[in-house]
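**Student:** Handing you this structure, nothing more for now.
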Amino acid sequence: MMSLGTHEGVRLGPQPERVSPLTLQVTDGVHRPEAIARAHDAVSRLAGIPSGVFWIRAADVRAWHQGDLRPETALAAYFGESLARFLFQHFARLIEALPLGWGTSYGCLELWTKVVDSRRQTVWPHVDTVPLHDGWKSACPSPMWGSVLYLSPEGQGHGDTVFCPQDPPSPAVLDLCMAERTEEELRSTATDWQRVRARPGRLVVFRGSLAHYVAPNLPQTQAPRVTVLVNVWDQVPRFEAPFEGPCRITPEEFAAFARLPRAVVDLIADGALALPDELLAQVDPADLELVFAALLRLG
Amino acid sequence: MTAHLLDDSFDVSRLQRDLAAVERRTWIPQPGIHHRGEWTGLSLVSAGGREDTAAPFGVSREEFKPTPLLEVTPYLREVLDALPCPKLTVRLLRLPPGGRIIEHADLDVSVRSGGMRLHLPIVTHDDVDFRLGGVRQRWAPGQLWYGDFSLPHSVENRSPITRVHLVIDVACTEALLSWFPTDVVARWREDGIALVAPAALSVSAEQLKRYACRFVVPAGVLGDDSTAGAVTLEGDTLVATLDGMPPFALEPLADGGLAITGLPPGFRLNCDFDGEQMVAATLMMGTDAVPVELRR
């Protein structure tokens, strides 16, 4: 899911025919609680892994299954050994959670994380897509399945995920997407929205073209909402800049990104091309230069 | 009886999950002239376990076997395992919005011929107009139904969804009959029910040779004209050939008759012997008995 910049509406690419009305599936306990707690700590230390950047090929997940550690090592260059191992374990759990036939027919997994401590009361309904060369004006492809793994401890008022189960979404629902809304505004539409409660170790698998948003953190939230997000794609979308390995940026560029303060990351994620002076003062200019160069390369 | 609800306890979300597992497969148009190609299916059990057909049962050289699709649909496998009877063809059949199956009757699916058609709706909608025996049927997802599809039936999907049913053709057994009301079964017995007959335990090649023959089925049975055929032994399998039909296998039964592979148990060949010599044969088609003319 590419979320750089703001876009009024989105046009989805051709959708595969859905035969089953299965749109959402919630599974608890896909990892041991200790593993979830360790992953929570590791992911929290990152500013958030941007979407549209990490693409793990199905062949690499299968190779890892058969004992080949090279894909895990390649990911460890970005996240360290422990988190990379957890992520590959998670990929395996996710594939197991999909309806059986899909485990052998996907092309790649898109990985990103979110660390949200905002108290913003507006929400951002969206559909997971990647823009093609002419950006959001084109018909954007969306993944076959999306997934959310909640890592934050229970009871801290973290934002749930809210889905519109229309599959694929109607033009009216798409019109609500890619813009800042209030939940009241969304509830006032004729659309049915289904809320999935955030719970540690809970995995939500959903059709990749469903419109969804993260509900605001509640006022009592004491720590960021931390999630691991993995989308299941038929194939790696064709990007202008070809890339090898699991990531479209280098480990050095990612390290620079990870050193940025979260406030800066949030602004960049919102499409900012310049930073206020008080944030600039907190940033190593070399890091910022690397990150913006990488983002420009990604388009 | 037009229809009877056999079980309404199946888990719809698990059915739909299994459906999602196979939805990207190539759905194959149903044979026949009752639709315009929009009625398509996937086979979960078929003759020889073939995936490249969604046709209902028919004479075959091969036994019914699960297709590879049943490996990725564990709940559908559970459903089938719960049925106390041999499965003939088992298919997922779908009809898209606007799809239509015009009225027809499947005369070879009846308790008289030992075949029953069961339906387990997985996705349906109030605006699907499904009629059986002139009566609008409202079968809900997760409900397993018996229907007498030898009666005229039709479907018109006026809804926005794709209707998907698991359609299970089975051979009649006493255990399956126990799922029906006793008065219904009593009426069926009066009319005649063909049940699965036990297979012969072991038959030597010499014994199989006794069945080899040439024969003629009288006019008006398989077509307007009489139909010539033969039974030959190929390896350790008896194979029948009939003009205008693909060759099919015959399986010796404990009572000396031959089951026709690919058809419900009511379709069989009864054979009379005088020592090692077959002296008479009767083609059974449910309750209809057709003497065939043997030619040596």
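FYI, nothing fancy with the structure tokens labels: chains A, B, ... in order, residues from 1 per chain, ligands from 1 as they appear.
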Could you tell me which residues of chain A sit within 12 Å of chain B when counting only C-alpha atoms, and give me the result as a VMD selection string?
**Tutor:** chain A and resid 16 to 26 95 to 106 144 to 145 166 to 167 205 to 207 234
**Student:** Quick one: DSSP alpha helix (DSSP H) residues in region 55-251 of chain B, as a list in words?
**Tutor:**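 Across region 55-251 of chain B, those assigned alpha helix (DSSP H) are Pro74, Tyr75, Leu76, Arg77, Glu78, Val79, Leu80, Asp81, Glu174, Ala175, Leu176, Leu177, Thr182, Asp183, Val184, Val185, Ala186, Arg187, Trp188, Arg189, Glu190, Asp191, Ala205, Glu206, Gln207, Leu208 and Lys209 of chain B.
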**Student:** With N, CA and C atoms retained, export the selected residues as a PDB file, in the first residue's frame.
**Tutor:**
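Okay, again.pdb is ready:
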```pdb
ATOM      1  N   PRO B  74     -10.750 -28.579   2.847  1.00  0.00           N
ATOM      2  CA  PRO B  74     -10.883 -29.571   3.929  1.00  0.00           C
ATOM      3  C   PRO B  74     -12.292 -29.651   4.503  1.00  0.00           C
ATOM      4  N   TYR B  75     -13.004 -28.545   4.525  1.00  0.00           N
ATOM      5  CA  TYR B  75     -14.345 -28.613   5.104  1.00  0.00           C
ATOM      6  C   TYR B  75     -15.309 -29.334   4.161  1.00  0.00           C
ATOM      7  N   LEU B  76     -15.160 -29.102   2.877  1.00  0.00           N
ATOM      8  CA  LEU B  76     -16.007 -29.828   1.925  1.00  0.00           C
ATOM      9  C   LEU B  76     -15.733 -31.328   2.036  1.00  0.00           C
ATOM     10  N   ARG B  77     -14.470 -31.669   2.286  1.00  0.00           N
ATOM     11  CA  ARG B  77     -14.127 -33.085   2.480  1.00  0.00           C
ATOM     12  C   ARG B  77     -14.859 -33.631   3.708  1.00  0.00           C
ATOM     13  N   GLU B  78     -14.887 -32.820   4.781  1.00  0.00           N
ATOM     14  CA  GLU B  78     -15.620 -33.234   5.991  1.00  0.00           C
ATOM     15  C   GLU B  78     -17.095 -33.463   5.681  1.00  0.00           C
ATOM     16  N   VAL B  79     -17.661 -32.547   4.908  1.00  0.00           N
ATOM     17  CA  VAL B  79     -19.082 -32.669   4.551  1.00  0.00           C
ATOM     18  C   VAL B  79     -19.315 -33.994   3.833  1.00  0.00           C
ATOM     19  N   LEU B  80     -18.456 -34.285   2.864  1.00  0.00           N
ATOM     20  CA  LEU B  80     -18.640 -35.512   2.081  1.00  0.00           C
ATOM     21  C   LEU B  80     -18.432 -36.749   2.949  1.00  0.00           C
ATOM     22  N   ASP B  81     -17.448 -36.662   3.851  1.00  0.00           N
ATOM     23  CA  ASP B  81     -17.180 -37.818   4.722  1.00  0.00           C
ATOM     24  C   ASP B  81     -18.363 -38.108   5.640  1.00  0.00           C
ATOM     25  N   GLU B 174     -28.872 -47.931   2.505  1.00  0.00           N
ATOM     26  CA  GLU B 174     -29.840 -47.961   3.611  1.00  0.00           C
ATOM     27  C   GLU B 174     -29.495 -46.880   4.643  1.00  0.00           C
ATOM     28  N   ALA B 175     -28.184 -46.678   4.877  1.00  0.00           N
ATOM     29  CA  ALA B 175     -27.781 -45.677   5.875  1.00  0.00           C
ATOM     30  C   ALA B 175     -28.253 -44.283   5.470  1.00  0.00           C
ATOM     31  N   LEU B 176     -28.168 -43.993   4.180  1.00  0.00           N
ATOM     32  CA  LEU B 176     -28.630 -42.673   3.729  1.00  0.00           C
ATOM     33  C   LEU B 176     -30.157 -42.596   3.819  1.00  0.00           C
ATOM     34  N   LEU B 177     -30.819 -43.672   3.490  1.00  0.00           N
ATOM     35  CA  LEU B 177     -32.295 -43.663   3.568  1.00  0.00           C
ATOM     36  C   LEU B 177     -32.769 -43.384   4.992  1.00  0.00           C
ATOM     37  N   THR B 182     -39.672 -41.979   7.557  1.00  0.00           N
ATOM     38  CA  THR B 182     -39.958 -43.396   7.256  1.00  0.00           C
ATOM     39  C   THR B 182     -41.107 -43.544   6.253  1.00  0.00           C
ATOM     40  N   ASP B 183     -42.091 -42.654   6.336  1.00  0.00           N
ATOM     41  CA  ASP B 183     -43.214 -42.806   5.402  1.00  0.00           C
ATOM     42  C   ASP B 183     -42.770 -42.531   3.968  1.00  0.00           C
ATOM     43  N   VAL B 184     -41.839 -41.613   3.816  1.00  0.00           N
ATOM     44  CA  VAL B 184     -41.321 -41.315   2.472  1.00  0.00           C
ATOM     45  C   VAL B 184     -40.551 -42.523   1.947  1.00  0.00           C
ATOM     46  N   VAL B 185     -39.719 -43.085   2.809  1.00  0.00           N
ATOM     47  CA  VAL B 185     -38.915 -44.231   2.375  1.00  0.00           C
ATOM     48  C   VAL B 185     -39.839 -45.408   2.037  1.00  0.00           C
ATOM     49  N   ALA B 186     -40.901 -45.561   2.823  1.00  0.00           N
ATOM     50  CA  ALA B 186     -41.841 -46.663   2.550  1.00  0.00           C
ATOM     51  C   ALA B 186     -42.460 -46.496   1.161  1.00  0.00           C
ATOM     52  N   ARG B 187     -42.829 -45.269   0.826  1.00  0.00           N
ATOM     53  CA  ARG B 187     -43.412 -45.029  -0.511  1.00  0.00           C
ATOM     54  C   ARG B 187     -42.386 -45.323  -1.606  1.00  0.00           C
ATOM     55  N   TRP B 188     -41.153 -44.865  -1.334  1.00  0.00           N
ATOM     56  CA  TRP B 188     -40.093 -45.127  -2.317  1.00  0.00           C
ATOM     57  C   TRP B 188     -39.912 -46.638  -2.515  1.00  0.00           C
ATOM     58  N   ARG B 189     -39.957 -47.359  -1.404  1.00  0.00           N
ATOM     59  CA  ARG B 189     -39.745 -48.815  -1.518  1.00  0.00           C
ATOM     60  C   ARG B 189     -40.864 -49.439  -2.368  1.00  0.00           C
ATOM     61  N   GLU B 190     -42.079 -48.923  -2.186  1.00  0.00           N
ATOM     62  CA  GLU B 190     -43.191 -49.453  -3.000  1.00  0.00           C
ATOM     63  C   GLU B 190     -42.924 -49.238  -4.485  1.00  0.00           C
ATOM     64  N   ASP B 191     -42.374 -48.057  -4.808  1.00  0.00           N
ATOM     65  CA  ASP B 191     -42.093 -47.746  -6.222  1.00  0.00           C
ATOM     66  C   ASP B 191     -40.836 -48.440  -6.718  1.00  0.00           C
ATOM     67  N   ALA B 205      -9.493 -64.256 -13.573  1.00  0.00           N
ATOM     68  CA  ALA B 205      -9.569 -63.904 -14.991  1.00  0.00           C
ATOM     69  C   ALA B 205     -10.461 -64.910 -15.733  1.00  0.00           C
ATOM     70  N   GLU B 206     -10.397 -66.174 -15.337  1.00  0.00           N
ATOM     71  CA  GLU B 206     -11.227 -67.195 -15.986  1.00  0.00           C
ATOM     72  C   GLU B 206     -12.708 -66.879 -15.786  1.00  0.00           C
ATOM     73  N   GLN B 207     -13.024 -66.489 -14.550  1.00  0.00           N
ATOM     74  CA  GLN B 207     -14.434 -66.162 -14.268  1.00  0.00           C
ATOM     75  C   GLN B 207     -14.875 -64.920 -15.050  1.00  0.00           C
ATOM     76  N   LEU B 208     -13.958 -63.969 -15.181  1.00  0.00           N
ATOM     77  CA  LEU B 208     -14.309 -62.743 -15.919  1.00  0.00           C
ATOM     78  C   LEU B 208     -14.604 -63.065 -17.389  1.00  0.00           C
ATOM     79  N   LYS B 209     -13.863 -64.028 -17.919  1.00  0.00           N
ATOM     80  CA  LYS B 209     -14.041 -64.362 -19.334  1.00  0.00           C
ATOM     81  C   LYS B 209     -15.474 -64.814 -19.631  1.00  0.00           C
TER      82      LYS B 209
END
```
**Student:** Can you pull out every residue within 7 Å of region 49-55 of chain B, counting only C-alpha atoms, but drop anything in the same chain fewer than 5 positions away, and send it as a ChimeraX atom specification?
**Tutor:** /B:28,30-31,41-43,64-67,91
**Student:** Which is closest to Phe10 (chain B) among B:Gln143, B:Asn157, B:Thr40, B:Gln137, if we use only C-alpha atoms?
**Tutor:** B:Gln143
**Student:** List the neighbours of Pro86 (chain B) out to 9 Å using only C-alpha atoms; skip same-chain residues closer than 5 positions along the sequence, and give me the result as a PyMOL selection string.
**Tutor:** chain B and resi 169-173+196
**Student:** Taking 2 positions as the minimum chain separation for residues in the same chain, which residues sit within 12 Å of Leu295 (chain A) when counting only C-alpha atoms? Answer as a list of chain:residue names.
**Tutor:**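 Surrounding residues, per the criterion: A:Met2, A:Leu4, A:Gly5, A:Pro50, A:Ser51, A:Gly52, A:Val53, A:Ala241, A:Arg248, A:Ile249, A:Thr250, A:Glu253, A:Phe254, A:Phe257, A:Val265, A:Ile268, A:Ala269, A:Gly271, A:Ala272, A:Leu273, A:Leu288, A:Glu289, A:Leu290, A:Val291, A:Phe292, A:Ala293, A:Arg297, A:Leu298, A:Gly299.
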**Student:** Kindly indicate which residue among A:Ala37, A:Tyr213, A:Gln235, A:Phe79 lies nearest to Ile56 (chain A), using only C-alpha atoms for the distances.
**Tutor:**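 Checking each of A:Ala37, A:Tyr213, A:Gln235, A:Phe79 against Ile56 (chain A), counting only C-alpha atoms, the winner is A:Gln235.
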**Student:** Suppose you want the space between CA of Pro168 (chain A) and CA of Trp112 (chain A); what is it in Å?
**Tutor:** 23.1 Å
**Student:** When you look at Asn217 (chain A) with a cut-off of 12 Å (counting only C-alpha atoms), what residues show up, excluding the ones that are within fewer than 4 positions of it in the same chain? I need them as a VMD selection string.
**Tutor:** chain A and resid 115 to 123 152 155 to 161 197 to 198 221 to 226
**Student:** Any idea what's packed within 9 Å of Asp106 (chain B), counting only C-alpha atoms, ignoring anything in its chain fewer than 3 positions away? Could you give it as an mmCIF file with C-alpha atoms, in the first residue's frame?
**Tutor:**
```cif
data_model
loop_
_atom_site.group_PDB
_atom_site.id
_atom_site.type_symbol
_atom_site.label_atom_id
_atom_site.label_comp_id
_atom_site.auth_asym_id
_atom_site.auth_seq_id
_atom_site.Cartn_x
_atom_site.Cartn_y
_atom_site.Cartn_z
ATOM 1 C CA VAL B 109 -31.179 -39.112 -10.962
ATOM 2 C CA SER B 110 -33.869 -40.808 -8.932
ATOM 3 C CA ASP B 148 -35.900 -34.959 -6.754
ATOM 4 C CA PHE B 149 -34.198 -33.600 -9.832
ATOM 5 C CA SER B 150 -35.970 -36.089 -12.051
ATOM 6 C CA LEU B 151 -38.773 -33.525 -11.723
ATOM 7 C CA PRO B 152 -38.672 -30.429 -13.924
ATOM 8 C CA HIS B 153 -36.458 -27.730 -12.411
#
```
**Student:** Give me, as a PyMOL selection string, the residues of region 147-260 of chain B that a backbone DSSP run labels strand (DSSP E or B).
**Tutor:** chain B and resi 147+153-157+163-171+199+213-217+227-234+237-242+248-253+258-260
**Student:** Could you check which of B:Pro247, B:His4, B:Leu93, B:Glu234 is closest to Pro29 (chain B), using only C-alpha atoms?
**Tutor:**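 Smallest distance to Pro29 (chain B) is found for B:Leu93.
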**Student:** Counting only C-alpha atoms, which residue out of A:Phe54, A:Ala263, A:Pro251, A:Val30 sits closest to Phe86 (chain A)?
**Tutor:** A:Val30
